[in-house]
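To be precise, the following lines are my_file_8.txt, and they hold compact mmCIF, C-alpha atoms.
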```txt
# COMPACT_ATOMS: atom_id res chain seq x y z
CA MET U 1 115.64 113.10 84.90
CA ALA U 2 114.93 113.10 81.24
CA ASN U 3 113.63 109.53 81.00
CA GLY U 4 110.14 110.35 82.33
CA ASN U 5 110.53 108.02 85.30
CA THR U 6 110.14 110.53 88.11
CA VAL U 7 108.01 110.20 91.22
CA THR U 8 107.48 112.45 94.23
CA VAL U 9 105.63 111.13 97.26
CA VAL U 10 104.85 112.50 100.71
CA GLY U 11 104.33 110.06 103.54
CA ASN U 12 105.32 108.71 106.92
CA VAL U 13 108.39 106.57 107.56
CA THR U 14 107.15 103.11 108.61
CA ARG U 15 110.47 101.74 109.87
CA ASP U 16 113.76 103.31 110.89
CA PRO U 17 116.27 103.43 108.02
CA GLU U 18 118.56 100.40 107.85
CA LEU U 19 122.10 101.46 106.91
CA ARG U 20 124.43 98.96 105.25
CA PHE U 21 127.58 99.19 103.19
CA THR U 22 128.38 97.40 99.93
CA ALA U 23 131.61 95.41 99.53
CA THR U 24 133.17 98.52 97.98
CA GLY U 25 132.17 100.69 100.97
CA GLN U 26 129.19 102.46 99.35
CA ALA U 27 126.50 103.39 101.90
CA LYS U 28 122.94 102.18 101.24
CA ALA U 29 119.90 102.89 103.42
CA ASN U 30 116.41 101.38 103.11
CA PHE U 31 113.25 102.53 104.82
CA GLY U 32 109.52 102.07 104.40
CA LEU U 33 107.10 104.85 103.52
CA ALA U 34 103.30 104.90 103.94
CA VAL U 35 101.47 107.29 101.63
CA ASN U 36 97.85 108.07 102.55
CA ARG U 37 95.19 109.16 100.08
CA ARG U 38 91.90 110.62 101.34
CA TRP U 39 88.79 111.44 99.38
CA GLN U 40 85.12 112.05 100.02
CA ASN U 41 82.74 109.42 98.69
CA ARG U 42 80.20 111.36 96.58
CA GLN U 43 77.35 108.96 97.32
CA THR U 44 77.77 108.60 101.08
CA GLN U 45 79.57 111.93 101.75
CA GLU U 46 81.86 109.90 104.03
CA TRP U 47 85.62 110.34 104.00
CA GLU U 48 87.51 107.29 102.75
CA GLU U 49 91.19 106.52 102.90
CA ALA U 50 93.67 104.21 101.19
CA VAL U 51 97.30 103.64 102.12
CA SER U 52 100.11 102.64 99.75
CA PHE U 53 103.40 101.29 101.07
CA PHE U 54 106.73 101.85 99.33
CA ASP U 55 110.30 100.81 100.00
CA VAL U 56 112.76 103.69 99.56
CA VAL U 57 116.46 103.23 98.79
CA CYS U 58 119.09 105.95 99.37
CA TRP U 59 122.75 105.78 98.37
CA GLY U 60 125.99 107.47 99.45
CA GLN U 61 125.98 110.46 101.76
CA MET U 62 122.19 110.74 101.52
CA ALA U 63 121.95 107.18 102.89
CA GLU U 64 124.08 108.09 105.88
CA ASN U 65 122.13 111.32 106.43
CA ALA U 66 118.79 109.48 106.22
CA ALA U 67 119.94 106.85 108.72
CA GLN U 68 121.08 109.54 111.13
CA SER U 69 118.08 111.86 110.67
CA LEU U 70 114.94 109.79 110.06
CA ASN U 71 112.87 107.80 112.52
CA ARG U 72 109.69 105.79 112.26
CA GLY U 73 106.73 108.18 112.05
CA ALA U 74 108.63 111.10 110.49
CA ARG U 75 106.78 112.78 107.63
CA VAL U 76 109.03 113.15 104.57
CA VAL U 77 109.00 114.18 100.93
CA VAL U 78 110.81 111.72 98.64
CA SER U 79 111.65 112.44 95.03
CA GLY U 80 113.30 109.83 92.85
CA ARG U 81 112.69 107.12 90.29
CA LEU U 82 110.83 103.81 90.29
CA ASP U 83 113.06 100.75 89.99
CA GLN U 84 111.94 97.14 89.64
CA ARG U 85 114.07 94.52 91.34
CA SER U 86 113.73 90.79 90.60
CA TRP U 87 115.08 87.70 92.36
CA GLU U 88 114.36 84.04 93.05
CA ASN U 89 113.41 82.90 96.53
CA ASP U 90 114.72 79.73 98.24
CA GLN U 91 111.95 77.68 96.57
CA GLY U 92 113.03 78.88 93.11
CA GLU U 93 109.98 81.13 92.67
CA LYS U 94 110.51 84.40 90.85
CA ARG U 95 109.72 87.50 92.86
CA SER U 96 109.87 91.19 92.03
CA LYS U 97 109.10 94.48 93.68
CA ILE U 98 109.07 98.11 92.73
CA GLU U 99 110.94 100.49 94.99
CA ILE U 100 111.77 104.19 94.93
CA THR U 101 115.43 105.05 94.46
CA ALA U 102 115.64 108.48 96.07
CA ASP U 103 117.30 111.51 94.50
CA GLU U 104 116.11 113.73 97.36
CA VAL U 105 114.65 113.12 100.81
CA ALA U 106 113.38 116.06 102.85
CA PRO U 107 111.34 116.57 106.00
CA SER U 108 107.77 117.73 105.50
CA LEU U 109 107.17 121.03 107.26
CA ARG U 110 103.38 120.76 107.08
CA TRP U 111 102.98 119.72 110.72
CA ALA U 112 106.53 119.91 112.08
CA THR U 113 109.64 122.03 112.32
CA VAL U 114 113.20 120.87 111.81
CA GLU U 115 116.66 122.10 112.57
CA ILE U 116 119.02 121.64 109.64
CA THR U 117 122.66 120.85 110.23
CA LYS U 118 124.91 121.02 107.19
CA ASN U 119 127.46 118.22 106.91
CA GLU U 120 131.12 119.05 106.90
CA ARG U 121 132.61 118.63 103.45
CA ARG U 122 134.72 115.53 102.90
CA SER U 123 137.46 114.88 100.43
CA PRO U 124 137.25 111.78 98.21
CA ASP U 125 139.57 109.92 100.64
CA GLY U 126 137.12 110.56 103.50
CA ALA U 127 139.11 113.26 105.27
CA SER U 128 136.96 116.02 106.68
CA GLY U 129 137.73 119.67 107.06
CA SER U 130 136.88 122.96 105.51
CA GLY U 131 136.59 121.76 101.96
CA ALA U 132 139.75 119.65 102.10
CA GLY U 133 140.43 118.23 98.67
CA PHE U 134 137.87 120.46 96.96
CA LYS U 135 138.51 123.42 94.70
CA ALA U 136 135.98 126.18 94.27
CA VAL U 137 134.85 126.55 90.66
CA PRO U 138 133.41 129.88 89.55
CA ASN U 139 129.96 129.87 87.98
CA GLU U 140 130.29 129.99 84.22
CA VAL U 141 127.79 130.16 81.40
CA PRO U 142 127.51 126.61 79.97
CA ALA U 143 128.88 126.07 76.48
CA GLY U 144 126.21 126.54 73.81
CA TYR U 145 124.05 128.73 76.07
CA SER U 146 123.16 132.22 74.90
CA GLU U 147 122.83 135.01 77.48
CA ASP U 148 119.55 136.06 75.74
CA GLU U 149 118.02 132.59 76.16
CA GLU U 150 115.37 131.88 78.81
CA PRO U 151 116.79 129.58 81.50
CA PHE U 152 113.90 127.07 81.28
```

Go ahead and render the structure in this file as structure tokens.
Amino acid sequence: MANGNTVTVVGNVTRDPELRFTATGQAKANFGLAVNRRWQNRQTQEWEEAVSFFDVVCWGQMAENAAQSLNRGARVVVSGRLDQRSWENDQGEKRSKIEITADEVAPSLRWATVEITKNERRSPDGASGSGAGFKAVPNEVPAGYSEDEEPF
């Protein structure tokens, strides 16, 4: 993301993902994430801890995968952007919150192992199969890119 609004957090899922679908059929999943920070107090030499809570939003296939794969307590890595959402409550008071719109969600392998199952590819009309509706595109050098140029 070129806009400078990128965040990566590691934490524990605080509630099972809630999967819903928009009126147009787009999947959306929400779940909570607790991120712990630990440090040693230099005066007391005691360990101290603070916890931050975030709401995470996933869209599309990632939303469906998150709802199927994540449970409360799972340790995950979330990378995405911060989004502020505003609304008025029933009393007419303005409310807002900042949530993380995920680009990637992955299990943390620090204290756990996982078994990864790749989803079957789906065509735009939802049919599944071995790449139904998809055409393989060979890797090509992007226009304006010189072979001598460093990739980063």

**OP:** Please provide the set of residues having any atom within 9 Å of Thr6 (chain U), restricted to only C-alpha atoms, with same-chain residues fewer than 5 positions apart removed, written as a PyMOL selection string.
**Re:** chain U and resi 1+79-82

For the contact check between region 61-127 of chain U and region 19-26 of chain U, emit one row per residue of region 61-127 of chain U within 8 Å, containing the shortest atom pair and the distance in Å rounded to one decimal, counting all atoms listed in the file, chain then rising number order, as CSV.
```
residue,atom,partner,partner_atom,distance
U:Ala63,CA,U:Leu19,CA,7.0
U:Glu64,CA,U:Leu19,CA,7.0
U:Ala67,CA,U:Leu19,CA,6.1
```

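Between Thr101 (chain U) and the candidates U:Asn65, U:Asn30, U:Asn71, U:Asn3, the tightest atom-to-atom separation, counting all atoms listed in the file, involves U:Asn30.
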
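Picture a line from CA of Ala27 (chain U) to CA of Asp55 (chain U); it runs 16.5 Å.
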
Original post:
Within 7 Å of Ala102 (chain U), counting only C-alpha atoms, which residues qualify if same-chain residues fewer than 2 places away don't, as a PyMOL selection string?
Top reply: chain U and resi 56-58+78-81+100+104-105

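Between CA of Lys118 (chain U) and CA of Arg15 (chain U) there is a distance of 24.2 Å.
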
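Shell of Glu49 (chain U) at 8 Å, with all atoms listed in the file counted and residues fewer than 5 places along the chain excluded, is Asn36, Arg37, Arg38 and Trp39 of chain U.
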
Atoms to include: C-alpha atoms. Write the selected residues as a PDB file, in the frame of the given file.
```pdb
ATOM      1  CA  ASN U  36      97.850 108.070 102.550  1.00  0.00           C
ATOM      2  CA  ARG U  37      95.190 109.160 100.080  1.00  0.00           C
ATOM      3  CA  ARG U  38      91.900 110.620 101.340  1.00  0.00           C
ATOM      4  CA  TRP U  39      88.790 111.440  99.380  1.00  0.00           C
TER       5      TRP U  39
END
```

Original post:
In Å to one decimal, how far is CA of Phe31 (chain U) from CA of Arg85 (chain U)?
Top reply: 15.7 Å

Any chance you could work out the axis-aligned box around region 78-96 of chain U, listed atoms only, 3 Å on each side, giving centre and edge lengths in Å to one decimal, as lines of an AutoDock Vina configuration file?
```
center_x = 112.4
center_y = 95.1
center_z = 94.1
size_x = 11.4
size_y = 40.8
size_z = 15.0
```

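Near Gly73 (chain U), within 9 Å and counting all atoms listed in the file, sit Asn12, Val13, Thr14, Arg15, Asp16, Leu70, Asn71 and Arg75 of chain U; same-chain residues fewer than 2 positions away were not included.
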
**OP:** Find the spatial neighbours of Val10 (chain U), counting all atoms listed in the file, within a cut-off of 7 Å - ignore same-chain residues fewer than 5 positions away - and output them as a list in words.
**Re:** Val35, Val76, Val77 and Val78 of chain U

Subject >> Top pick for closest residue to Leu33 (chain U), considering U:Asn89, U:Pro17, U:Phe53, U:Ala74 and counting all atoms listed in the file >> reply: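 Of all the options, U:Phe53 lies closest to Leu33 (chain U).
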
Subject >> U:Glu120, U:Arg42, U:Ala34, U:Glu18 ranked by distance to Trp59 (chain U), top pick (using only C-alpha atoms) >> reply: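 Ranking U:Glu120, U:Arg42, U:Ala34, U:Glu18 by distance to Trp59 (chain U), first place goes to U:Glu18.
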